[in-house]
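The file entry03.txt contains compact mmCIF, C-alpha atoms:
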# COMPACT_ATOMS: atom_id res chain seq x y z
CA MET A 38 -16.10 -1.02 -28.04
CA LYS A 39 -15.20 -4.15 -26.10
CA LYS A 40 -15.87 -3.90 -22.38
CA ILE A 41 -12.66 -4.04 -20.34
CA ASN A 42 -12.69 -6.40 -17.36
CA CYS A 43 -10.77 -4.74 -14.54
CA ALA A 44 -9.32 -5.59 -11.16
CA ILE A 45 -7.95 -3.25 -8.50
CA ILE A 46 -5.23 -4.14 -6.02
CA GLY A 47 -5.32 -1.90 -2.95
CA PHE A 48 -8.35 0.04 -1.78
CA GLY A 49 -6.96 3.13 -0.12
CA ASN A 50 -7.94 6.64 -1.21
CA VAL A 51 -6.71 6.19 -4.78
CA GLY A 52 -8.06 2.66 -5.14
CA LYS A 53 -11.51 3.82 -4.05
CA LEU A 54 -11.36 6.76 -6.45
CA GLN A 55 -10.47 4.50 -9.38
CA ALA A 56 -13.15 1.98 -8.40
CA ASN A 57 -15.86 4.65 -8.45
CA PHE A 58 -14.73 5.67 -11.93
CA ILE A 59 -14.61 2.13 -13.33
CA VAL A 60 -18.05 1.25 -11.97
CA LYS A 61 -19.58 4.32 -13.64
CA ASN A 62 -17.68 3.87 -16.91
CA LYS A 63 -19.83 2.22 -19.61
CA ASN A 64 -16.73 0.61 -21.17
CA THR A 65 -15.52 -1.25 -18.05
CA ASN A 66 -16.50 -3.99 -15.62
CA LEU A 67 -14.93 -3.99 -12.17
CA VAL A 68 -14.67 -7.69 -11.36
CA TYR A 69 -12.28 -7.85 -8.38
CA VAL A 70 -10.92 -5.70 -5.60
CA CYS A 71 -8.00 -7.20 -3.71
CA GLU A 72 -7.64 -5.67 -0.24
CA LYS A 73 -5.98 -7.33 2.75
CA ASN A 74 -7.39 -4.98 5.39
CA LEU A 75 -10.66 -6.55 6.54
CA LYS A 76 -11.84 -3.29 8.10
CA ILE A 77 -11.59 -1.54 4.73
CA ILE A 78 -13.51 -4.38 3.06
CA LYS A 79 -16.25 -4.29 5.68
CA LYS A 80 -16.56 -0.52 5.36
CA ASN A 81 -16.86 -0.52 1.54
CA GLU A 82 -18.28 -3.83 0.34
CA PHE A 83 -21.91 -2.76 0.72
CA LYS A 84 -21.27 0.16 -1.70
CA PHE A 85 -19.83 -2.19 -4.32
CA LYS A 86 -22.13 -5.20 -4.03
CA ASP A 87 -21.48 -6.71 -7.46
CA ILE A 88 -17.70 -6.83 -6.99
CA LYS A 89 -15.74 -9.83 -5.74
CA TRP A 90 -13.68 -8.78 -2.70
CA ILE A 91 -10.62 -10.99 -2.35
CA LEU A 92 -7.60 -11.29 -0.06
CA ASN A 93 -5.39 -13.22 -2.48
CA GLU A 94 -4.18 -11.23 -5.52
CA ASN A 95 -3.28 -14.42 -7.40
CA ILE A 96 -6.99 -14.97 -8.06
CA ILE A 97 -6.80 -11.92 -10.34
CA PHE A 98 -3.74 -13.12 -12.23
CA ASN A 99 -5.17 -16.59 -12.75
CA ASP A 100 -8.43 -15.27 -14.19
CA LYS A 101 -8.02 -15.27 -17.98
CA ASP A 102 -10.92 -12.85 -18.43
CA ILE A 103 -9.21 -9.96 -16.62
CA ASP A 104 -7.89 -7.45 -19.16
CA LEU A 105 -6.56 -4.69 -16.91
CA VAL A 106 -5.05 -4.57 -13.42
CA ILE A 107 -4.99 -1.21 -11.64
CA ILE A 108 -2.30 -1.27 -8.97
CA CYS A 109 -2.98 1.02 -6.01
CA SER A 110 -1.11 -0.91 -3.32
CA TYR A 111 1.81 0.34 -1.22
CA ASP A 112 4.96 1.24 -3.16
CA ASN A 113 6.94 -1.79 -2.02
CA PHE A 114 4.40 -4.19 -3.60
CA HIS A 115 4.29 -2.60 -7.07
CA PHE A 116 7.25 -4.42 -8.59
CA ASP A 117 6.09 -7.98 -7.78
CA GLN A 118 2.54 -7.19 -8.89
CA ILE A 119 3.74 -5.74 -12.21
CA ILE A 120 5.86 -8.81 -12.90
CA LYS A 121 2.85 -11.04 -12.25
CA CYS A 122 0.71 -8.90 -14.56
CA ILE A 123 3.23 -9.32 -17.35
CA LYS A 124 3.56 -13.07 -16.83
CA PHE A 125 -0.20 -13.49 -16.97
CA LYS A 126 -0.69 -11.09 -19.91
CA LYS A 127 -2.59 -8.34 -18.07
CA ASN A 128 -2.48 -4.67 -19.06
CA ILE A 129 -1.15 -2.49 -16.25
CA PHE A 130 -2.06 0.92 -14.85
CA CYS A 131 0.09 1.54 -11.79
CA GLU A 132 0.36 4.26 -9.19
CA LYS A 133 3.73 5.91 -8.94
CA PRO A 134 6.43 4.89 -8.28
CA PHE A 135 5.96 1.69 -10.23
CA CYS A 136 9.22 0.32 -8.81
CA GLN A 137 11.77 1.27 -6.15
CA ASN A 138 15.23 0.72 -7.59
CA LEU A 139 17.22 0.32 -10.79
CA THR A 140 17.39 -3.48 -10.60
CA GLN A 141 13.60 -3.67 -10.54
CA LEU A 142 13.31 -1.18 -13.41
CA LYS A 143 15.64 -3.24 -15.59
CA LYS A 144 13.70 -6.43 -14.90
CA ILE A 145 10.35 -4.82 -15.73
CA ASN A 146 11.84 -3.42 -18.93
CA LYS A 147 13.21 -6.82 -19.89
CA TYR A 148 9.83 -8.49 -19.37
CA LEU A 149 7.89 -5.81 -21.26
CA ILE A 150 10.25 -5.97 -24.24
CA LYS A 151 9.36 -9.65 -24.52
CA ASN A 152 5.63 -8.91 -24.10
CA GLN A 153 5.02 -5.84 -26.24
CA SER A 154 1.29 -6.50 -26.56
CA ILE A 155 0.89 -5.49 -22.91
CA LYS A 156 -0.02 -1.85 -22.37
CA PHE A 157 1.52 -0.07 -19.39
CA SER A 158 1.15 3.40 -17.90
CA SER A 159 1.75 5.15 -14.59
CA ASN A 160 -0.59 7.67 -12.96
CA LEU A 161 1.47 10.86 -13.49
CA ILE A 162 -1.52 13.15 -13.14
CA LEU A 163 -0.01 16.66 -13.13
CA ARG A 164 -0.16 16.57 -16.95
CA THR A 165 -3.95 16.68 -16.65
CA ILE A 166 -4.23 19.97 -14.71
CA SER A 167 -5.74 22.69 -16.89
CA GLU A 168 -3.14 25.26 -15.86
CA PHE A 169 -0.29 23.03 -16.95
CA LYS A 170 -2.09 22.19 -20.20
CA TYR A 171 -2.20 25.95 -20.84
CA LEU A 172 1.49 26.22 -19.97
CA LYS A 173 2.32 23.38 -22.36
CA LYS A 174 0.44 25.17 -25.13
CA ILE A 175 2.24 28.50 -24.74
CA ILE A 176 5.61 26.72 -24.58
CA ASP A 177 4.87 24.71 -27.73
CA ASN A 178 3.72 27.90 -29.51
CA LYS A 179 6.98 29.65 -28.53
CA LYS A 180 5.00 32.41 -26.85
CA ILE A 181 7.66 32.76 -24.16
CA GLY A 182 10.52 32.08 -26.56
CA ASP A 183 13.32 29.58 -26.02
CA LEU A 184 13.40 28.07 -22.53
CA TYR A 185 16.60 28.19 -20.53
CA TYR A 186 15.66 27.60 -16.87
CA SER A 187 12.79 26.07 -14.91
CA GLU A 188 11.87 25.20 -11.35
CA ALA A 189 9.38 22.69 -9.99
CA ASP A 190 8.64 22.26 -6.28
CA TYR A 191 6.58 19.40 -4.90
CA ASN A 192 5.50 20.73 -1.50
CA TYR A 193 3.66 17.91 0.22
CA GLY A 194 2.72 19.48 3.55
CA ARG A 195 0.99 16.32 4.84
CA LEU A 196 3.47 15.48 7.58
CA ASN A 197 1.21 12.99 9.36
CA LYS A 198 1.07 10.82 6.22
CA ILE A 199 4.79 10.09 6.38
CA THR A 200 5.15 9.94 10.17
CA LYS A 201 1.98 7.97 10.97
CA GLY A 202 0.88 6.42 7.66
CA TRP A 203 2.18 3.52 5.58
CA ARG A 204 4.94 5.62 3.95
CA GLY A 205 6.94 5.55 7.16
CA SER A 206 6.33 1.89 7.91
CA ILE A 207 7.28 0.16 4.63
CA PRO A 208 10.90 -1.09 4.22
CA PHE A 209 11.89 1.88 2.03
CA TYR A 210 10.26 5.14 0.98
CA SER A 211 11.64 7.85 -1.29
CA VAL A 212 10.24 11.39 -1.34
CA ILE A 213 11.56 11.91 -4.86
CA SER A 214 10.10 8.66 -6.29
CA GLY A 215 6.95 8.88 -4.19
CA GLY A 216 6.13 12.55 -4.81
CA GLY A 217 8.79 14.51 -6.66
CA VAL A 218 8.35 12.16 -9.62
CA HIS A 219 5.21 14.15 -10.51
CA VAL A 220 7.07 17.43 -11.06
CA ILE A 221 9.98 15.69 -12.77
CA ASP A 222 7.53 14.22 -15.27
CA LEU A 223 5.88 17.62 -15.67
CA ILE A 224 9.18 19.39 -16.41
CA CYS A 225 10.23 16.74 -18.95
CA TYR A 226 6.75 16.82 -20.52
CA LEU A 227 6.83 20.61 -20.86
CA LEU A 228 10.39 20.68 -22.22
CA GLU A 229 9.98 17.51 -24.32
CA GLU A 230 13.43 16.55 -23.14
CA TYR A 231 15.02 14.38 -20.47
CA PRO A 232 18.11 15.38 -18.47
CA SER A 233 21.50 13.96 -19.34
CA SER A 234 22.75 14.34 -15.76
CA VAL A 235 21.61 15.30 -12.26
CA TYR A 236 23.14 16.53 -9.03
CA ALA A 237 21.25 16.35 -5.75
CA ALA A 238 21.37 16.99 -2.01
CA ALA A 239 18.97 15.91 0.72
CA ASN A 240 18.31 16.37 4.43
CA LYS A 241 16.13 15.16 7.29
CA ILE A 242 15.58 18.11 9.59
CA VAL A 243 11.79 18.40 9.83
CA THR A 244 11.31 14.75 10.86
CA LYS A 245 14.58 14.19 12.77
CA LYS A 246 12.68 13.55 16.02
CA LEU A 247 9.66 11.92 14.40
CA ASN A 248 8.81 8.40 13.25
CA PHE A 249 10.11 8.66 9.69
CA ARG A 250 13.43 7.04 8.77
CA TYR A 251 14.20 8.67 5.42
CA ASN A 252 15.12 12.08 4.05
CA ASP A 253 12.11 14.40 4.02
CA PHE A 254 13.61 17.08 1.74
CA LEU A 255 15.55 16.80 -1.51
CA VAL A 256 16.75 19.30 -4.10
CA SER A 257 18.20 18.41 -7.49
CA ILE A 258 19.67 20.19 -10.50
CA LEU A 259 18.76 18.63 -13.85
CA LYS A 260 21.02 19.36 -16.83
CA PHE A 261 19.80 18.87 -20.41
CA LYS A 262 21.67 18.48 -23.71
CA SER A 263 19.91 21.63 -24.95
CA GLN A 264 21.71 23.49 -22.11
CA ASN A 265 18.41 23.93 -20.29
CA ILE A 266 18.73 23.69 -16.52
CA SER A 267 15.98 22.76 -14.06
CA LYS A 268 15.77 22.75 -10.28
CA VAL A 269 13.41 20.21 -8.72
CA THR A 270 12.52 19.74 -5.05
CA ALA A 271 10.54 17.18 -3.06
CA ASN A 272 9.60 18.93 0.18
CA PHE A 273 7.55 16.61 2.37
CA GLY A 274 7.96 18.62 5.57
CA SER A 275 6.68 21.95 4.26
CA THR A 276 4.47 23.98 6.61
CA THR A 277 1.94 24.52 3.82
CA LYS A 278 -0.95 22.73 2.26
CA HIS A 279 -0.12 20.30 -0.52
CA HIS A 280 0.73 22.31 -3.66
CA HIS A 281 3.13 22.62 -6.60
CA GLN A 282 5.21 25.64 -7.57
CA ILE A 283 6.35 25.98 -11.17
CA LYS A 284 8.60 28.61 -12.73
CA ILE A 285 9.44 28.61 -16.43
CA PHE A 286 11.87 31.18 -17.84
CA GLY A 287 12.03 31.84 -21.57
CA THR A 288 13.77 34.43 -23.74
CA LYS A 289 10.47 36.27 -24.35
CA GLY A 290 8.47 35.62 -21.21
CA THR A 291 8.20 34.04 -17.79
CA PHE A 292 5.52 31.86 -16.22
CA LEU A 293 5.32 31.83 -12.43
CA LYS A 294 3.07 29.63 -10.34
CA GLU A 295 3.79 30.50 -6.72
CA TYR A 296 1.51 28.91 -4.12
CA GLU A 297 -2.00 29.99 -5.19
CA ASN A 298 -1.03 32.74 -7.66
CA SER A 299 0.03 32.37 -11.29
CA LYS A 300 1.37 35.00 -13.67
CA LEU A 301 2.55 35.23 -17.25
CA ILE A 302 5.10 38.06 -17.57
CA MET A 303 5.99 39.28 -21.07
CA ASN A 304 8.09 42.40 -20.42
CA ARG A 305 11.40 42.96 -18.63
CA ASP A 306 11.35 46.73 -18.14
CA ASN A 307 7.76 47.40 -17.12
CA ALA A 308 6.41 44.09 -15.87
CA GLU A 309 3.10 45.46 -14.57
CA LYS A 310 2.15 46.62 -18.04
CA ARG A 311 2.33 43.15 -19.54
CA VAL A 312 1.53 40.82 -16.66
CA LYS A 313 -1.35 38.42 -17.09
CA ASN A 314 -2.73 37.03 -13.84
CA ILE A 315 -3.92 33.52 -14.54
CA SER A 316 -6.74 31.92 -12.62
CA PHE A 317 -7.62 28.26 -13.07
CA ASP A 318 -9.86 25.93 -11.19
CA ASN A 319 -7.46 23.85 -9.10
CA LYS A 320 -9.82 20.89 -9.24
CA TYR A 321 -8.92 18.26 -11.77
CA SER A 322 -9.93 14.74 -12.63
CA LYS A 323 -7.65 12.20 -11.02
CA ASN A 324 -9.20 9.65 -13.37
CA GLU A 325 -8.30 11.38 -16.65
CA LEU A 326 -5.22 9.28 -17.41
CA LEU A 327 -7.02 6.06 -16.50
CA LYS A 328 -9.93 7.08 -18.75
CA TYR A 329 -7.64 7.53 -21.76
CA PHE A 330 -5.66 4.42 -20.89
CA ILE A 331 -8.85 2.35 -20.95
CA LYS A 332 -9.88 3.91 -24.27
CA SER A 333 -6.43 3.23 -25.72
CA LEU A 334 -6.86 -0.50 -25.09
CA ASN A 335 -9.52 -0.48 -27.82
CA LYS A 336 -8.21 2.43 -29.87
CA LYS A 337 -4.42 2.60 -30.13
CA SER A 338 -4.48 6.12 -31.58
CA LEU A 339 -5.37 7.48 -28.12
CA TYR A 340 -2.20 6.08 -26.53
CA HIS A 341 -0.43 9.44 -27.01
CA LYS A 342 -2.75 11.04 -24.43
CA ILE A 343 -1.17 9.11 -21.54
CA PRO A 344 2.38 8.67 -20.23
CA THR A 345 3.76 5.73 -22.19
CA TYR A 346 5.89 3.09 -20.53
CA ASN A 347 8.96 4.59 -22.18
CA GLU A 348 8.20 8.00 -20.67
CA SER A 349 7.37 6.52 -17.27
CA MET A 350 10.57 4.48 -17.33
CA LYS A 351 12.71 7.53 -18.09
CA VAL A 352 11.16 9.47 -15.22
CA MET A 353 11.85 6.62 -12.80
CA LEU A 354 15.44 6.42 -14.04
CA ILE A 355 15.84 10.14 -13.28
CA CYS A 356 14.55 9.53 -9.74
CA PHE A 357 17.08 6.76 -9.20
CA ALA A 358 19.86 8.98 -10.55
CA ILE A 359 18.86 11.69 -8.07
CA GLU A 360 18.92 9.19 -5.20
CA LYS A 361 22.35 7.97 -6.26
CA SER A 362 23.60 11.55 -6.50
CA PHE A 363 22.74 12.57 -2.94
CA GLN A 364 24.06 9.26 -1.62
CA THR A 365 27.43 9.67 -3.39
CA ASN A 366 27.60 13.48 -3.50
CA LYS A 367 28.41 13.24 -7.22
CA GLU A 368 26.86 14.37 -10.47
CA ILE A 369 25.24 11.33 -12.08
CA LYS A 370 25.03 10.83 -15.84
CA ILE A 371 22.00 9.01 -17.26
CA ASP A 372 22.02 6.57 -20.17
CA TYR A 373 18.39 5.90 -21.13
CA LYS A 374 19.16 3.32 -23.80
CA LYS A 375 21.22 1.13 -21.48
CA LEU A 376 19.20 2.01 -18.35
CA SER A 377 22.45 2.82 -16.58
CA LEU A 378 23.77 5.50 -14.23
CA SER A 379 27.38 6.63 -13.92
Starting from the file, lay out its structure as structure tokens.
Amino acid sequence: MKKINCAIIGFGNVGKLQANFIVKNKNTNLVYVCEKNLKIIKKNEFKFKDIKWILNENIIFNDKDIDLVIICSYDNFHFDQIIKCIKFKKNIFCEKPFCQNLTQLKKINKYLIKNQSIKFSSNLILRTISEFKYLKKIIDNKKIGDLYYSEADYNYGRLNKITKGWRGSIPFYSVISGGGVHVIDLICYLLEEYPSSVYAAANKIVTKKLNFRYNDFLVSILKFKSQNISKVTANFGSTTKHHHQIKIFGTKGTFLKEYENSKLIMNRDNAEKRVKNISFDNKYSKNELLKYFIKSLNKKSLYHKIPTYNESMKVMLICFAIEKSFQTNKEIKIDYKKLSLS
């Protein structure tokens, strides 16, 4: 297997996590880390002595030997960095959201269509949690019958990160694109379907007196051609720890993940008799998608194990439809082929 020469842009929590993985991976070389905060460089450079620490990201793009760029910068930088990756023929693994509006999405799509040799994926990591892998399996096996309704709640609970961190200081931040995108991807992955329309509402009550300029709560109804309906929330002001709640209702059974408890219920009349309490280790590898992405660069057959660009693009389009819905107070229809909202 050819060793993949990698570069990371942004060395926050995620960037550091990915760097540790790449350094230990026998199939990769970490050549560059681009970080503009000198304090972060000073704090970490002694741990990564063989890596070139740079302030100018263009050094990465101009180096013909770099195969893969891992983008872990702030959300508002992702679009420009992706466009540069495409222009300079670099494979891309980007933190979500990989862009911030529909115009950017269309431009990325246009560039990637012209450069189909470039591999692209986004770090939609909820797919990798063992509990949701189990849920995917029982859905695919029809154990709970035909699905008709689902709920997915992204309860962030880390209020200081949006009132004091970079999320509140960049020109625009979206709780649905920045967090809720994870549960949207999970619902679509479980259902193997993408919504034809959405309707959403949002508010800013928790942070109305705090230093955060955008809505901190959003709820959306997703409608599918199969007549499935899903409710999705992005709740960044929740007085909880960071967690995800998932409810899947089928004609034969129900799966409930509520805070720290999960149950599979297979009986309407006497639920206690056929209730399976499910216990999974909540720890999961935040590097799993990157691991398979790297492997897929040498072995194309592994590409199905990661969110493809097409899947990532559809999820972003759903996020933009949700944002348009709460701004206009209208149900928004989604055309995935034309990348349009109406």
From the list A:Cys131, A:Ile283, A:Asn252, A:Thr277, which residue is nearest Gln364 of chain A when using all atoms listed in the file? A:Asn252
Nearest to Ala237 of chain A among A:Phe317, A:Phe357, A:Phe58, A:Tyr148, with distances taken over all atoms listed in the file: which residue is it? A:Phe357
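Using all atoms listed in the file, the nearest neighbour of Asn335 of chain A within the list A:Ile78, A:Lys179, A:Asn66, A:Lys156 is A:Lys156.
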Neighbouring residues of Thr244 of chain A were defined as those with any atom within 10 Å, considering all atoms listed in the file; residues of the same chain fewer than 3 positions away were excluded. Please report them as a VMD selection string. chain A and resid 196 199 to 200 240 to 241 247 to 254 273 to 274
Which polymer residues have any atom within 6 Å of an atom of segment 88-91 of chain A, counting only C-alpha atoms, with same-chain residues fewer than 5 positions away left out, as number ranges by chain? A: 68-71
Selection near Ile123 of chain A, 12 Å with all atoms listed in the file, sequence-local residues under 6 positions removed, as a tab-separated table (two decimals) with C-alpha atoms, keeping the file's coordinate frame:
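The new file part13.tsv reads:
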chain	number	residue	atom	x	y	z
A	98	PHE	CA	-3.74	-13.12	-12.23
A	104	ASP	CA	-7.89	-7.45	-19.16
A	105	LEU	CA	-6.56	-4.69	-16.91
A	106	VAL	CA	-5.05	-4.57	-13.42
A	116	PHE	CA	7.25	-4.42	-8.59
A	117	ASP	CA	6.09	-7.98	-7.78
A	129	ILE	CA	-1.15	-2.49	-16.25
A	130	PHE	CA	-2.06	0.92	-14.85
A	144	LYS	CA	13.70	-6.43	-14.90
A	145	ILE	CA	10.35	-4.82	-15.73
A	146	ASN	CA	11.84	-3.42	-18.93
A	147	LYS	CA	13.21	-6.82	-19.89
A	148	TYR	CA	9.83	-8.49	-19.37
A	149	LEU	CA	7.89	-5.81	-21.26
A	150	ILE	CA	10.25	-5.97	-24.24
A	151	LYS	CA	9.36	-9.65	-24.52
A	152	ASN	CA	5.63	-8.91	-24.10
A	153	GLN	CA	5.02	-5.84	-26.24
A	154	SER	CA	1.29	-6.50	-26.56
A	155	ILE	CA	0.89	-5.49	-22.91
A	156	LYS	CA	-0.02	-1.85	-22.37
A	157	PHE	CA	1.52	-0.07	-19.39
Which one of A:Leu354, A:Ile343, A:Val243, A:Glu325 sits closest to Leu376 of chain A if you count all atoms listed in the file?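 Between A:Leu354, A:Ile343, A:Val243, A:Glu325, the residue approaching Leu376 of chain A most closely is A:Leu354.
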Skipping near chain neighbours, those fewer than 6 positions away, what residues fall within 12 Å of Trp203 of chain A using only C-alpha atoms, listed as an NGL selection string? :A and (49 or 110-113 or 197 or 209-210 or 248-249)
Might you pull out every residue within 12 Å of segment 310-316 of chain A, with all atoms listed in the file counted and same-chain residues fewer than 2 positions away left off, and present them as JSON, numbers by chain? {"A": [167, 168, 169, 171, 172, 289, 290, 291, 292, 293, 294, 295, 297, 298, 299, 300, 301, 302, 303, 304, 305, 306, 307, 308, 318, 319, 320]}
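Minimum atom-to-atom distances from A:Ile96, A:Ala189, A:Ile45, A:Val51 to Tyr296 of chain A were compared using only C-alpha atoms, and the lowest value belongs to A:Ala189.
Between atom CA of Glu360 of chain A and atom CA of Asn50 of chain A there is a distance of 27.3 Å.
Take the candidates A:Leu184, A:Ile108, A:Leu163, A:Ala358 and check each one against Tyr226 of chain A using only C-alpha atoms; the shortest distance goes to A:Leu163.
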Report, in Å to a single decimal, how far apart atom CA of Ser214 of chain A and atom CA of Cys356 of chain A are. 5.7 Å
To one decimal place in Å, what is the distance between atom CA of Cys109 of chain A and atom CA of Ile224 of chain A?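 Interatomic distance, atom CA of Cys109 of chain A to atom CA of Ile224 of chain A: 24.4 Å.
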